[in-house]
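Peer 1: Can you keep this structure in mind? I'll have questions shortly.
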Amino acid sequence: MIDDMRNLSDIDVGEKAKIKQLNTNNSIKRRLLDIGLVEDTEVECIGRSPLGDPSAFLIRGAVIAIRSEDSRKILIHPKKQAFTKIGEI
């Protein structure tokens, strides 16, 4: 199981994951907890800005932008792809 854990910044657009641990400082951790980013919360990466930072995540029905600097400190367990890429059908 530990081998499956990655950072939130590692997931691709369309990929879903479950939150396992927040390794952030107090102020950022408080903000993430306030938006409902707690252990076992399902998140989906729904987009990235043109320059790649920040990324947009669907969290409990809300779209939240999280900087790469912060998403690298959020451990996740990948769940599954939300869609099939063209040519993989």
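Simple scheme: letters A, B, ... for chains in structure tokens order, numbers from 1 for residues in each chain, numbers from 1 for ligands in the order shown.
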Can you check which residues of region 35-77 of chain A DSSP gives as helix (DSSP H, G or I) on the backbone and send them as a ChimeraX atom specification?
Peer 2: /A:68-71
Peer 1: When distances are computed from only C-alpha atoms, which of A:Arg60, A:Lys73, A:Arg6, A:Lys16 shows the smallest separation from Leu37 (chain A)?
Peer 2: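 Of A:Arg60, A:Lys73, A:Arg6, A:Lys16, the one nearest Leu37 (chain A), counting only C-alpha atoms, is A:Arg60.
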Peer 1: Which residues come within 9 Å of Arg67 (chain A), counting only C-alpha atoms, excluding same-chain residues fewer than 6 positions away, as an MDAnalysis selection string?
Peer 2: chainID A and resid 9 53:56
Peer 1: Tell me which of A:Arg72, A:His77, A:Lys18, A:Arg30 sits closest to Glu42 (chain A), counting only C-alpha atoms.
Peer 2: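 Counting only C-alpha atoms, the residue closest to Glu42 (chain A) is A:Lys18.
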Peer 1: Find the spatial neighbours of Lys20 (chain A), counting only C-alpha atoms, within a cut-off of 8 Å - ignore same-chain residues fewer than 3 positions away - and output them as a ChimeraX atom specification.
Peer 2: /A:38-40,74-77
